[in-house]
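A.B. asks: Let me give you the structure first, and then I'll get to my questions.
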Amino acid sequence: MSTEPLLSVQGLTAHYGPVRVLDDVSLDVPDRGLCAVLGANGAGKTTLLRTLTGLHRATSGRVLLEGEDLTRLPAEKVITRGLAHVPEGGGVIVELTVEENLRLGGLWRSDRRDRTTFDEVMDLFPPLVERRTKSASTLSGGERQMLAIGRALMARPKVLLLDEPSLGLAPLITKQIFTLLRDLRDHTGLTVVLVEQNAAGALSVTDHGFVLNQGRVATEGPSEGLLADDRTRHAYLGF
Amino acid sequence: MTHFINLTLNGLASGAAYAALALSLVIIYQATRLVNFAQPALALVAVYAAYTVTQLTGSYWIGFASALIVGMAAGALVERVIIRPIAKTSQLNAIIVTLGLLLVIQGGVGMVWGNEQHGFRYAFSYVGRFSPADTFALVSVGVVALLLFAVYRFTPFGLRMRAAAFHPESARLSGVKVGLMLTAGWGIASFIGALAGMLAGPPFLSPNVFDVVFVFGITAAVVGGLDNPFGAVIGGLLIGLGMSYVSGYLGPELATLSALAIVVIVLSVRPDGILSRPTARKV
Ligand SMILES: Nc1ncnc2c1ncn2[C@@H]1O[C@H](COP(=O)(O)OP(=O)(O)O)[C@@H](O)[C@H]1O
Ligand SMILES: [Mg+2]
């Protein structure tokens, strides 16, 4: 790649106790990239995202965003540097209303009184508009995922990390969400890293894919190529 | 009929202090799933501080204000310096430490101020049916509870506090400094605990003055549902009323027993308390 990557992960290693879960993971995500991180259950995808955003401590390696080292920053600081994380399951706070969940995402911003971000996010998710004042516990699975993404967008991030947003959703809803991510990238220039077990779906919407296997990057390449490569598909992606 | 009205008003007034204490327990429980057994000790320090400040300045109200400030600071300090490092190891350890703190602080207060009783005045005259002191108890607790509700509900700070309590990880990912919110929560809780102490302390102070009050405060919190602030207030008033009726109609020696009866009755009908959330959090 000729230009400097927006997000650069360099030799990232992480442990749970003595068990090494990430092993020298390196990957570069270009500005306006839409990348998939794939791999079987237990490959380390969730741990990778948690380490990127400071929820888990790296043992070694670095995380750079636009050249700034985020490796030692706590999670509440990482978001302010432009790296947003939609965790597994979405992390919607069911005790709060839909609107409160959204507002929470932008609270740290000094321009939080400005309604434009809120209105823009609302425009993206029509189902949330009518549920604004309702408890987030009343939302369906798909709506919760929308809310989770909306909350992350309220921070106006440079990079959006998503951990298996398709988990438990109907194929049609999954498709809507994948399409939305692509539109966001195309129209707002957001960079997206999509962690998925649903490899076929993720590869059909992204432009680049990384395959994790037992904590290591087993292979990477353009999504189309990975999709067409029978060996990779059989060995790591299971379809 | 007048007897009944008197008992009701008295019950509400003493219930106000239980409500405030229960509220202080619930605020911390909500945020940390930890019953803070040190709460009455923090209130004790606050009230003794008020006693000393009042003696030095001659002003009850300067003493009153210092109680709230000292209480708040003590709560924040205990969370930051003692509870947080221990809660990292285990929740049970933290609860046991709050119990230990209760004994240590009570002992410390006895050493500093002496174990004998000190006279301690009410905010206002306590003479008569629904005295000014009673009115003050109800109004001050009502105002504080409403303020607390408004802050939690309608301010960015309150939203952060709730997010940190309900879902610390999502809060952090949204940029909330969860540790700071915990410290603030302990400060607010102990502020309210100090208010409870100022209401329940008179006419005499001694290191054990809040032992019984604390039992009723915990009872109120359990009755109301440990994770519900409204429940705590209602539970407190209910305990106050129940004890007032029982001691008025059946005799004061049964009053304490009636608190136990209320717990048994409420919990057998609603095991999680009157107002606890029916939906268990799962997701
Ligand atoms: N909190 C944890 N404590 C110990 N081991 C964990 C923990 N979370 C995940 N692991 C282990 O780390 C490995 C990677 O897990 P994870 O990152 O969740 O993978 P993925 O998201 O790809 O399914 C698995 O072997 C898993 O069992
Ligand atoms: Mg996972």
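Naming works like this for the structure tokens: A, B, ... for the chains as they're shown, residue 1 at the start of each chain, ligands 1 onward in shown order.
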Might you pull out every residue within 10 Å of region 99-102 of chain A, with only C-alpha atoms counted and same-chain residues fewer than 3 positions away left off, and present them as a ChimeraX atom specification?
C.D. replies: /A:91-96,105-107,118,121-122,128-129,131-136,147-155 /B:153-154,156,159-160,163,170-171,174
A.B. asks: Could you tell me, counting only C-alpha atoms and all ligand atoms, which protein and nucleic acid residues lie no more than 6 Å from ligand 1, written as a ChimeraX atom specification?
C.D. replies: /A:16,21,41-47
A.B. asks: Only residues of chain B matter here; which ones have an atom within 12 Å of chain A, counting only C-alpha atoms? Give them as number ranges by chain.
C.D. replies: B: 30, 152-180, 277-283
A.B. asks: Using DSSP secondary structure from the backbone, list all alpha helix (DSSP H) positions within region 86-228 of chain B, as a ChimeraX atom specification.
C.D. replies: /B:86-89,91-113,132-154,156-166,168-173,178-200,211-224
A.B. asks: For Gln214 (chain A), which of A:Leu48, A:Leu34, A:Ser8, A:Gly168 is the closest residue, counting only C-alpha atoms?
C.D. replies: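 Closest candidate: A:Leu48.
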A.B. asks: For Ile262 (chain B), list every protein, DNA or RNA residue within 12 Å, evaluated using only C-alpha atoms, and leave out those in the same chain fewer than 2 positions away; present the list as a PDB file with all heavy atoms, in the first residue's frame.
C.D. replies:
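Wrote out07.pdb, looks like this:
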```pdb
ATOM      1  N   PHE B 216     -33.058  -0.736  60.413  1.00  0.00           N
ATOM      2  CA  PHE B 216     -34.285  -0.333  59.730  1.00  0.00           C
ATOM      3  C   PHE B 216     -34.001   0.166  58.311  1.00  0.00           C
ATOM      4  O   PHE B 216     -34.790  -0.048  57.393  1.00  0.00           O
ATOM      5  CB  PHE B 216     -35.017   0.753  60.529  1.00  0.00           C
ATOM      6  CG  PHE B 216     -35.469   0.272  61.878  1.00  0.00           C
ATOM      7  CD1 PHE B 216     -35.500   1.124  62.972  1.00  0.00           C
ATOM      8  CD2 PHE B 216     -35.852  -1.056  62.061  1.00  0.00           C
ATOM      9  CE1 PHE B 216     -35.897   0.674  64.219  1.00  0.00           C
ATOM     10  CE2 PHE B 216     -36.256  -1.520  63.300  1.00  0.00           C
ATOM     11  CZ  PHE B 216     -36.276  -0.650  64.380  1.00  0.00           C
ATOM     12  N   THR B 219     -33.467  -2.825  56.217  1.00  0.00           N
ATOM     13  CA  THR B 219     -34.768  -3.443  56.041  1.00  0.00           C
ATOM     14  C   THR B 219     -35.566  -2.701  54.970  1.00  0.00           C
ATOM     15  O   THR B 219     -36.148  -3.309  54.068  1.00  0.00           O
ATOM     16  CB  THR B 219     -35.547  -3.405  57.370  1.00  0.00           C
ATOM     17  OG1 THR B 219     -34.718  -3.956  58.375  1.00  0.00           O
ATOM     18  CG2 THR B 219     -36.828  -4.199  57.272  1.00  0.00           C
ATOM     19  N   ALA B 220     -35.546  -1.383  55.055  1.00  0.00           N
ATOM     20  CA  ALA B 220     -36.284  -0.577  54.081  1.00  0.00           C
ATOM     21  C   ALA B 220     -35.760  -0.814  52.675  1.00  0.00           C
ATOM     22  O   ALA B 220     -36.530  -0.950  51.721  1.00  0.00           O
ATOM     23  CB  ALA B 220     -36.170   0.906  54.443  1.00  0.00           C
ATOM     24  N   VAL B 222     -34.246  -3.465  51.509  1.00  0.00           N
ATOM     25  CA  VAL B 222     -34.617  -4.807  51.051  1.00  0.00           C
ATOM     26  C   VAL B 222     -36.095  -4.853  50.687  1.00  0.00           C
ATOM     27  O   VAL B 222     -36.491  -5.404  49.665  1.00  0.00           O
ATOM     28  CB  VAL B 222     -34.286  -5.861  52.136  1.00  0.00           C
ATOM     29  CG1 VAL B 222     -34.866  -7.212  51.770  1.00  0.00           C
ATOM     30  CG2 VAL B 222     -32.780  -5.959  52.312  1.00  0.00           C
ATOM     31  N   VAL B 223     -36.906  -4.232  51.529  1.00  0.00           N
ATOM     32  CA  VAL B 223     -38.345  -4.206  51.268  1.00  0.00           C
ATOM     33  C   VAL B 223     -38.631  -3.507  49.941  1.00  0.00           C
ATOM     34  O   VAL B 223     -39.454  -3.947  49.150  1.00  0.00           O
ATOM     35  CB  VAL B 223     -39.092  -3.499  52.426  1.00  0.00           C
ATOM     36  CG1 VAL B 223     -40.491  -3.100  52.016  1.00  0.00           C
ATOM     37  CG2 VAL B 223     -39.146  -4.419  53.645  1.00  0.00           C
ATOM     38  N   GLY B 224     -37.935  -2.439  49.674  1.00  0.00           N
ATOM     39  CA  GLY B 224     -38.194  -1.670  48.458  1.00  0.00           C
ATOM     40  C   GLY B 224     -37.590  -2.310  47.218  1.00  0.00           C
ATOM     41  O   GLY B 224     -37.958  -1.961  46.100  1.00  0.00           O
ATOM     42  N   GLY B 235     -39.997   2.059  50.930  1.00  0.00           N
ATOM     43  CA  GLY B 235     -39.695   1.095  51.979  1.00  0.00           C
ATOM     44  C   GLY B 235     -39.418   1.793  53.306  1.00  0.00           C
ATOM     45  O   GLY B 235     -39.906   1.364  54.359  1.00  0.00           O
ATOM     46  N   GLY B 236     -38.663   2.867  53.265  1.00  0.00           N
ATOM     47  CA  GLY B 236     -38.342   3.607  54.486  1.00  0.00           C
ATOM     48  C   GLY B 236     -39.595   4.151  55.159  1.00  0.00           C
ATOM     49  O   GLY B 236     -39.784   4.002  56.374  1.00  0.00           O
ATOM     50  N   LEU B 237     -40.460   4.766  54.357  1.00  0.00           N
ATOM     51  CA  LEU B 237     -41.687   5.324  54.923  1.00  0.00           C
ATOM     52  C   LEU B 237     -42.578   4.216  55.473  1.00  0.00           C
ATOM     53  O   LEU B 237     -43.191   4.358  56.539  1.00  0.00           O
ATOM     54  CB  LEU B 237     -42.438   6.126  53.846  1.00  0.00           C
ATOM     55  CG  LEU B 237     -41.675   7.352  53.318  1.00  0.00           C
ATOM     56  CD1 LEU B 237     -42.477   8.069  52.251  1.00  0.00           C
ATOM     57  CD2 LEU B 237     -41.318   8.311  54.459  1.00  0.00           C
ATOM     58  N   LEU B 238     -42.605   3.089  54.766  1.00  0.00           N
ATOM     59  CA  LEU B 238     -43.424   1.958  55.189  1.00  0.00           C
ATOM     60  C   LEU B 238     -42.963   1.410  56.540  1.00  0.00           C
ATOM     61  O   LEU B 238     -43.776   1.142  57.430  1.00  0.00           O
ATOM     62  CB  LEU B 238     -43.308   0.855  54.128  1.00  0.00           C
ATOM     63  CG  LEU B 238     -44.524  -0.016  53.885  1.00  0.00           C
ATOM     64  CD1 LEU B 238     -45.669   0.826  53.359  1.00  0.00           C
ATOM     65  CD2 LEU B 238     -44.175  -1.115  52.886  1.00  0.00           C
ATOM     66  N   ILE B 239     -41.661   1.278  56.677  1.00  0.00           N
ATOM     67  CA  ILE B 239     -41.112   0.772  57.947  1.00  0.00           C
ATOM     68  C   ILE B 239     -41.435   1.768  59.064  1.00  0.00           C
ATOM     69  O   ILE B 239     -41.860   1.383  60.156  1.00  0.00           O
ATOM     70  CB  ILE B 239     -39.578   0.588  57.839  1.00  0.00           C
ATOM     71  CG1 ILE B 239     -39.234  -0.454  56.778  1.00  0.00           C
ATOM     72  CG2 ILE B 239     -38.990   0.214  59.193  1.00  0.00           C
ATOM     73  CD1 ILE B 239     -39.418  -1.862  57.192  1.00  0.00           C
ATOM     74  N   GLY B 240     -41.257   3.049  58.764  1.00  0.00           N
ATOM     75  CA  GLY B 240     -41.564   4.074  59.764  1.00  0.00           C
ATOM     76  C   GLY B 240     -43.024   4.000  60.198  1.00  0.00           C
ATOM     77  O   GLY B 240     -43.341   3.993  61.402  1.00  0.00           O
ATOM     78  N   LEU B 241     -43.920   3.902  59.231  1.00  0.00           N
ATOM     79  CA  LEU B 241     -45.358   3.822  59.529  1.00  0.00           C
ATOM     80  C   LEU B 241     -45.678   2.560  60.318  1.00  0.00           C
ATOM     81  O   LEU B 241     -46.361   2.616  61.354  1.00  0.00           O
ATOM     82  CB  LEU B 241     -46.163   3.810  58.219  1.00  0.00           C
ATOM     83  CG  LEU B 241     -46.329   5.147  57.509  1.00  0.00           C
ATOM     84  CD1 LEU B 241     -47.039   4.955  56.175  1.00  0.00           C
ATOM     85  CD2 LEU B 241     -47.104   6.123  58.392  1.00  0.00           C
ATOM     86  N   GLY B 242     -45.165   1.441  59.826  1.00  0.00           N
ATOM     87  CA  GLY B 242     -45.463   0.157  60.467  1.00  0.00           C
ATOM     88  C   GLY B 242     -45.064   0.168  61.931  1.00  0.00           C
ATOM     89  O   GLY B 242     -45.839  -0.220  62.811  1.00  0.00           O
ATOM     90  N   MET B 243     -43.852   0.674  62.195  1.00  0.00           N
ATOM     91  CA  MET B 243     -43.381   0.667  63.572  1.00  0.00           C
ATOM     92  C   MET B 243     -44.184   1.625  64.427  1.00  0.00           C
ATOM     93  O   MET B 243     -44.441   1.366  65.604  1.00  0.00           O
ATOM     94  CB  MET B 243     -41.912   1.038  63.612  1.00  0.00           C
ATOM     95  CG  MET B 243     -41.097  -0.012  62.885  1.00  0.00           C
ATOM     96  SD  MET B 243     -39.475  -0.161  63.550  1.00  0.00           S
ATOM     97  CE  MET B 243     -39.091   1.512  63.790  1.00  0.00           C
ATOM     98  N   VAL B 246     -47.624  -0.045  65.153  1.00  0.00           N
ATOM     99  CA  VAL B 246     -47.498  -1.172  66.076  1.00  0.00           C
ATOM    100  C   VAL B 246     -47.189  -0.673  67.485  1.00  0.00           C
ATOM    101  O   VAL B 246     -47.794  -1.108  68.464  1.00  0.00           O
ATOM    102  CB  VAL B 246     -46.414  -2.162  65.597  1.00  0.00           C
ATOM    103  CG1 VAL B 246     -46.091  -3.171  66.695  1.00  0.00           C
ATOM    104  CG2 VAL B 246     -46.881  -2.886  64.349  1.00  0.00           C
ATOM    105  N   ALA B 255     -42.339  -2.859  68.496  1.00  0.00           N
ATOM    106  CA  ALA B 255     -42.053  -2.048  67.307  1.00  0.00           C
ATOM    107  C   ALA B 255     -40.980  -2.678  66.420  1.00  0.00           C
ATOM    108  O   ALA B 255     -41.156  -2.810  65.211  1.00  0.00           O
ATOM    109  CB  ALA B 255     -41.621  -0.647  67.720  1.00  0.00           C
ATOM    110  N   THR B 256     -39.876  -3.080  67.049  1.00  0.00           N
ATOM    111  CA  THR B 256     -38.776  -3.621  66.273  1.00  0.00           C
ATOM    112  C   THR B 256     -39.201  -4.898  65.551  1.00  0.00           C
ATOM    113  O   THR B 256     -38.863  -5.135  64.395  1.00  0.00           O
ATOM    114  CB  THR B 256     -37.573  -3.920  67.181  1.00  0.00           C
ATOM    115  OG1 THR B 256     -37.340  -2.768  67.977  1.00  0.00           O
ATOM    116  CG2 THR B 256     -36.344  -4.210  66.361  1.00  0.00           C
ATOM    117  N   LEU B 257     -39.999  -5.678  66.269  1.00  0.00           N
ATOM    118  CA  LEU B 257     -40.490  -6.918  65.686  1.00  0.00           C
ATOM    119  C   LEU B 257     -41.326  -6.653  64.442  1.00  0.00           C
ATOM    120  O   LEU B 257     -41.318  -7.422  63.478  1.00  0.00           O
ATOM    121  CB  LEU B 257     -41.323  -7.659  66.737  1.00  0.00           C
ATOM    122  CG  LEU B 257     -41.188  -9.179  66.752  1.00  0.00           C
ATOM    123  CD1 LEU B 257     -39.726  -9.562  66.911  1.00  0.00           C
ATOM    124  CD2 LEU B 257     -42.028  -9.753  67.891  1.00  0.00           C
ATOM    125  N   SER B 258     -42.031  -5.506  64.447  1.00  0.00           N
ATOM    126  CA  SER B 258     -42.910  -5.223  63.318  1.00  0.00           C
ATOM    127  C   SER B 258     -42.104  -4.993  62.047  1.00  0.00           C
ATOM    128  O   SER B 258     -42.558  -5.305  60.946  1.00  0.00           O
ATOM    129  CB  SER B 258     -43.788  -4.017  63.612  1.00  0.00           C
ATOM    130  OG  SER B 258     -43.009  -2.844  63.585  1.00  0.00           O
ATOM    131  N   ALA B 259     -40.890  -4.447  62.194  1.00  0.00           N
ATOM    132  CA  ALA B 259     -40.049  -4.253  61.018  1.00  0.00           C
ATOM    133  C   ALA B 259     -39.760  -5.612  60.381  1.00  0.00           C
ATOM    134  O   ALA B 259     -39.849  -5.795  59.160  1.00  0.00           O
ATOM    135  CB  ALA B 259     -38.747  -3.554  61.385  1.00  0.00           C
ATOM    136  N   LEU B 260     -39.462  -6.577  61.248  1.00  0.00           N
ATOM    137  CA  LEU B 260     -39.208  -7.934  60.768  1.00  0.00           C
ATOM    138  C   LEU B 260     -40.450  -8.492  60.080  1.00  0.00           C
ATOM    139  O   LEU B 260     -40.369  -9.103  59.006  1.00  0.00           O
ATOM    140  CB  LEU B 260     -38.799  -8.819  61.952  1.00  0.00           C
ATOM    141  CG  LEU B 260     -38.331 -10.216  61.582  1.00  0.00           C
ATOM    142  CD1 LEU B 260     -37.057 -10.131  60.760  1.00  0.00           C
ATOM    143  CD2 LEU B 260     -38.094 -11.046  62.843  1.00  0.00           C
ATOM    144  N   VAL B 264     -40.868  -9.950  56.215  1.00  0.00           N
ATOM    145  CA  VAL B 264     -41.346 -11.297  55.910  1.00  0.00           C
ATOM    146  C   VAL B 264     -42.569 -11.235  54.990  1.00  0.00           C
ATOM    147  O   VAL B 264     -42.645 -11.942  53.983  1.00  0.00           O
ATOM    148  CB  VAL B 264     -41.681 -12.064  57.214  1.00  0.00           C
ATOM    149  CG1 VAL B 264     -42.388 -13.375  56.888  1.00  0.00           C
ATOM    150  CG2 VAL B 264     -40.409 -12.302  58.004  1.00  0.00           C
ATOM    151  N   ILE B 265     -43.487 -10.332  55.315  1.00  0.00           N
ATOM    152  CA  ILE B 265     -44.706 -10.251  54.511  1.00  0.00           C
ATOM    153  C   ILE B 265     -44.384  -9.791  53.090  1.00  0.00           C
ATOM    154  O   ILE B 265     -44.778 -10.423  52.107  1.00  0.00           O
ATOM    155  CB  ILE B 265     -45.729  -9.288  55.156  1.00  0.00           C
ATOM    156  CG1 ILE B 265     -46.219  -9.884  56.479  1.00  0.00           C
ATOM    157  CG2 ILE B 265     -46.902  -9.036  54.223  1.00  0.00           C
ATOM    158  CD1 ILE B 265     -46.989  -8.911  57.340  1.00  0.00           C
ATOM    159  N   VAL B 266     -43.624  -8.693  52.984  1.00  0.00           N
ATOM    160  CA  VAL B 266     -43.335  -8.161  51.647  1.00  0.00           C
ATOM    161  C   VAL B 266     -42.562  -9.173  50.804  1.00  0.00           C
ATOM    162  O   VAL B 266     -42.899  -9.425  49.651  1.00  0.00           O
ATOM    163  CB  VAL B 266     -42.541  -6.834  51.737  1.00  0.00           C
ATOM    164  CG1 VAL B 266     -41.980  -6.458  50.368  1.00  0.00           C
ATOM    165  CG2 VAL B 266     -43.435  -5.731  52.252  1.00  0.00           C
ATOM    166  N   LEU B 267     -41.557  -9.775  51.408  1.00  0.00           N
ATOM    167  CA  LEU B 267     -40.711 -10.664  50.610  1.00  0.00           C
ATOM    168  C   LEU B 267     -41.413 -11.971  50.248  1.00  0.00           C
ATOM    169  O   LEU B 267     -41.050 -12.615  49.262  1.00  0.00           O
ATOM    170  CB  LEU B 267     -39.381 -10.944  51.313  1.00  0.00           C
ATOM    171  CG  LEU B 267     -38.469  -9.722  51.468  1.00  0.00           C
ATOM    172  CD1 LEU B 267     -37.089 -10.139  51.927  1.00  0.00           C
ATOM    173  CD2 LEU B 267     -38.388  -8.918  50.177  1.00  0.00           C
ATOM    174  N   SER B 268     -42.409 -12.363  51.043  1.00  0.00           N
ATOM    175  CA  SER B 268     -43.111 -13.579  50.648  1.00  0.00           C
ATOM    176  C   SER B 268     -44.064 -13.295  49.494  1.00  0.00           C
ATOM    177  O   SER B 268     -44.383 -14.181  48.711  1.00  0.00           O
ATOM    178  CB  SER B 268     -43.844 -14.202  51.836  1.00  0.00           C
ATOM    179  OG  SER B 268     -44.720 -13.256  52.392  1.00  0.00           O
ATOM    180  N   VAL B 269     -44.520 -12.045  49.383  1.00  0.00           N
ATOM    181  CA  VAL B 269     -45.382 -11.697  48.251  1.00  0.00           C
ATOM    182  C   VAL B 269     -44.535 -11.304  47.041  1.00  0.00           C
ATOM    183  O   VAL B 269     -44.774 -11.732  45.919  1.00  0.00           O
ATOM    184  CB  VAL B 269     -46.334 -10.537  48.608  1.00  0.00           C
ATOM    185  CG1 VAL B 269     -47.266 -10.235  47.452  1.00  0.00           C
ATOM    186  CG2 VAL B 269     -47.121 -10.899  49.858  1.00  0.00           C
ATOM    187  N   ARG B 270     -43.526 -10.482  47.282  1.00  0.00           N
ATOM    188  CA  ARG B 270     -42.642 -10.041  46.193  1.00  0.00           C
ATOM    189  C   ARG B 270     -41.192 -10.277  46.610  1.00  0.00           C
ATOM    190  O   ARG B 270     -40.576  -9.415  47.235  1.00  0.00           O
ATOM    191  CB  ARG B 270     -42.867  -8.560  45.879  1.00  0.00           C
ATOM    192  CG  ARG B 270     -44.248  -8.272  45.318  1.00  0.00           C
ATOM    193  CD  ARG B 270     -44.259  -6.933  44.629  1.00  0.00           C
ATOM    194  NE  ARG B 270     -43.199  -6.821  43.643  1.00  0.00           N
ATOM    195  CZ  ARG B 270     -43.401  -6.784  42.339  1.00  0.00           C
ATOM    196  NH1 ARG B 270     -44.619  -6.834  41.875  1.00  0.00           N
ATOM    197  NH2 ARG B 270     -42.391  -6.669  41.515  1.00  0.00           N
ATOM    198  N   GLY B 273     -38.591  -7.545  46.430  1.00  0.00           N
ATOM    199  CA  GLY B 273     -38.932  -6.230  46.939  1.00  0.00           C
ATOM    200  C   GLY B 273     -40.087  -5.615  46.165  1.00  0.00           C
ATOM    201  O   GLY B 273     -40.433  -6.048  45.074  1.00  0.00           O
ATOM    202  N   ILE B 274     -40.656  -4.567  46.754  1.00  0.00           N
ATOM    203  CA  ILE B 274     -41.858  -3.971  46.184  1.00  0.00           C
ATOM    204  C   ILE B 274     -41.648  -3.501  44.761  1.00  0.00           C
ATOM    205  O   ILE B 274     -42.445  -3.758  43.876  1.00  0.00           O
ATOM    206  CB  ILE B 274     -42.306  -2.760  47.038  1.00  0.00           C
ATOM    207  CG1 ILE B 274     -42.584  -3.205  48.471  1.00  0.00           C
ATOM    208  CG2 ILE B 274     -43.557  -2.133  46.450  1.00  0.00           C
ATOM    209  CD1 ILE B 274     -42.926  -2.063  49.388  1.00  0.00           C
TER     210      ILE B 274
END
```
A.B. asks: Using only C-alpha atoms, determine which residues lie at most 9 Å from Gly197 (chain B), disregarding the query and same-chain residues fewer than 6 positions distant; provide the list as a PyMOL selection string.
C.D. replies: chain B and resi 17+20-21+40+43-44+46-47+67+210+213
A.B. asks: Could you tell me which of A:Arg20, A:Arg50, A:Arg113, A:Arg185 comes closest to ligand 2 if we count only C-alpha atoms and all ligand atoms?
C.D. replies: A:Arg50
A.B. asks: Have a look at CA of Asn228 (chain B) and CA of Gly75 (chain B) and let me know their distance in Å, one decimal.
C.D. replies: 20.2 Å
A.B. asks: Would you list, as JSON, numbers by chain, the residues of region 17-213 of chain A that end up in strand (DSSP E or B) under DSSP run on this structure's backbone?
C.D. replies: {"A": [19, 20, 21, 22, 23, 24, 25, 26, 27, 28, 29, 34, 35, 36, 37, 38, 60, 61, 62, 63, 64, 65, 68, 69, 83, 84, 85, 86, 97, 135, 159, 160, 161, 162, 163, 191, 192, 193, 194, 195, 196, 208, 209, 210, 211, 212, 213]}
A.B. asks: What is the distance between CA of Tyr18 (chain B) and CA of Gly217 (chain B), in Å to one decimal?
C.D. replies: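 Going from CA of Tyr18 (chain B) over to CA of Gly217 (chain B) covers 4.6 Å.
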A.B. asks: Rank A:Asp114, A:Asp229, A:Asp31, A:Asp163 by their smallest atom-to-atom distance to ligand 2, using only C-alpha atoms and all ligand atoms, and report the top residue only.
C.D. replies: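 Smallest separation from ligand 2 among the options: A:Asp163.
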A.B. asks: Could you give me, as a PDB file with N, CA and C atoms, in the first residue's frame, the residues within 9 Å of region 48-56 of chain B, counting only C-alpha atoms and dropping anything in the same chain fewer than 6 positions from it?
C.D. replies:
```
ATOM      1  N   ILE B  62     -24.200  25.634  60.195  1.00  0.00           N
ATOM      2  CA  ILE B  62     -22.845  25.413  59.673  1.00  0.00           C
ATOM      3  C   ILE B  62     -22.434  23.977  59.976  1.00  0.00           C
ATOM      4  N   GLY B  63     -22.805  23.511  61.166  1.00  0.00           N
ATOM      5  CA  GLY B  63     -22.548  22.116  61.520  1.00  0.00           C
ATOM      6  C   GLY B  63     -23.266  21.169  60.586  1.00  0.00           C
ATOM      7  N   PHE B  64     -24.500  21.480  60.293  1.00  0.00           N
ATOM      8  CA  PHE B  64     -25.312  20.653  59.404  1.00  0.00           C
ATOM      9  C   PHE B  64     -24.645  20.535  58.031  1.00  0.00           C
ATOM     10  N   ALA B  65     -24.237  21.686  57.497  1.00  0.00           N
ATOM     11  CA  ALA B  65     -23.589  21.680  56.178  1.00  0.00           C
ATOM     12  C   ALA B  65     -22.285  20.886  56.223  1.00  0.00           C
ATOM     13  N   SER B  66     -21.535  21.034  57.333  1.00  0.00           N
ATOM     14  CA  SER B  66     -20.274  20.280  57.375  1.00  0.00           C
ATOM     15  C   SER B  66     -20.537  18.785  57.455  1.00  0.00           C
ATOM     16  N   ALA B  67     -21.633  18.386  58.085  1.00  0.00           N
ATOM     17  CA  ALA B  67     -21.951  16.954  58.129  1.00  0.00           C
ATOM     18  C   ALA B  67     -22.100  16.409  56.705  1.00  0.00           C
ATOM     19  N   LEU B  68     -22.852  17.143  55.890  1.00  0.00           N
ATOM     20  CA  LEU B  68     -23.086  16.659  54.527  1.00  0.00           C
ATOM     21  C   LEU B  68     -21.779  16.611  53.743  1.00  0.00           C
ATOM     22  N   VAL B  70     -18.610  16.488  54.971  1.00  0.00           N
ATOM     23  CA  VAL B  70     -17.719  15.461  55.520  1.00  0.00           C
ATOM     24  C   VAL B  70     -18.203  14.068  55.097  1.00  0.00           C
ATOM     25  N   VAL B 109     -14.308   6.635  66.349  1.00  0.00           N
ATOM     26  CA  VAL B 109     -15.141   7.742  66.820  1.00  0.00           C
ATOM     27  C   VAL B 109     -15.189   7.743  68.344  1.00  0.00           C
ATOM     28  N   TRP B 113     -14.054  11.052  70.212  1.00  0.00           N
ATOM     29  CA  TRP B 113     -15.095  11.861  70.869  1.00  0.00           C
ATOM     30  C   TRP B 113     -15.568  11.255  72.196  1.00  0.00           C
ATOM     31  N   HIS B 118     -23.402  12.322  74.060  1.00  0.00           N
ATOM     32  CA  HIS B 118     -23.403  13.781  73.989  1.00  0.00           C
ATOM     33  C   HIS B 118     -24.815  14.221  73.622  1.00  0.00           C
ATOM     34  N   PHE B 120     -27.402  16.204  71.571  1.00  0.00           N
ATOM     35  CA  PHE B 120     -27.324  16.686  70.193  1.00  0.00           C
ATOM     36  C   PHE B 120     -28.701  17.185  69.794  1.00  0.00           C
ATOM     37  N   MET B 198     -28.131  13.049  60.473  1.00  0.00           N
ATOM     38  CA  MET B 198     -28.521  14.301  61.131  1.00  0.00           C
ATOM     39  C   MET B 198     -29.978  14.239  61.592  1.00  0.00           C
ATOM     40  N   LEU B 205     -25.968  11.624  70.922  1.00  0.00           N
ATOM     41  CA  LEU B 205     -24.988  10.959  70.071  1.00  0.00           C
ATOM     42  C   LEU B 205     -24.148  10.006  70.897  1.00  0.00           C
ATOM     43  N   SER B 206     -23.931   8.831  70.338  1.00  0.00           N
ATOM     44  CA  SER B 206     -22.934   7.918  70.895  1.00  0.00           C
ATOM     45  C   SER B 206     -22.454   7.072  69.729  1.00  0.00           C
TER      46      SER B 206
END
```
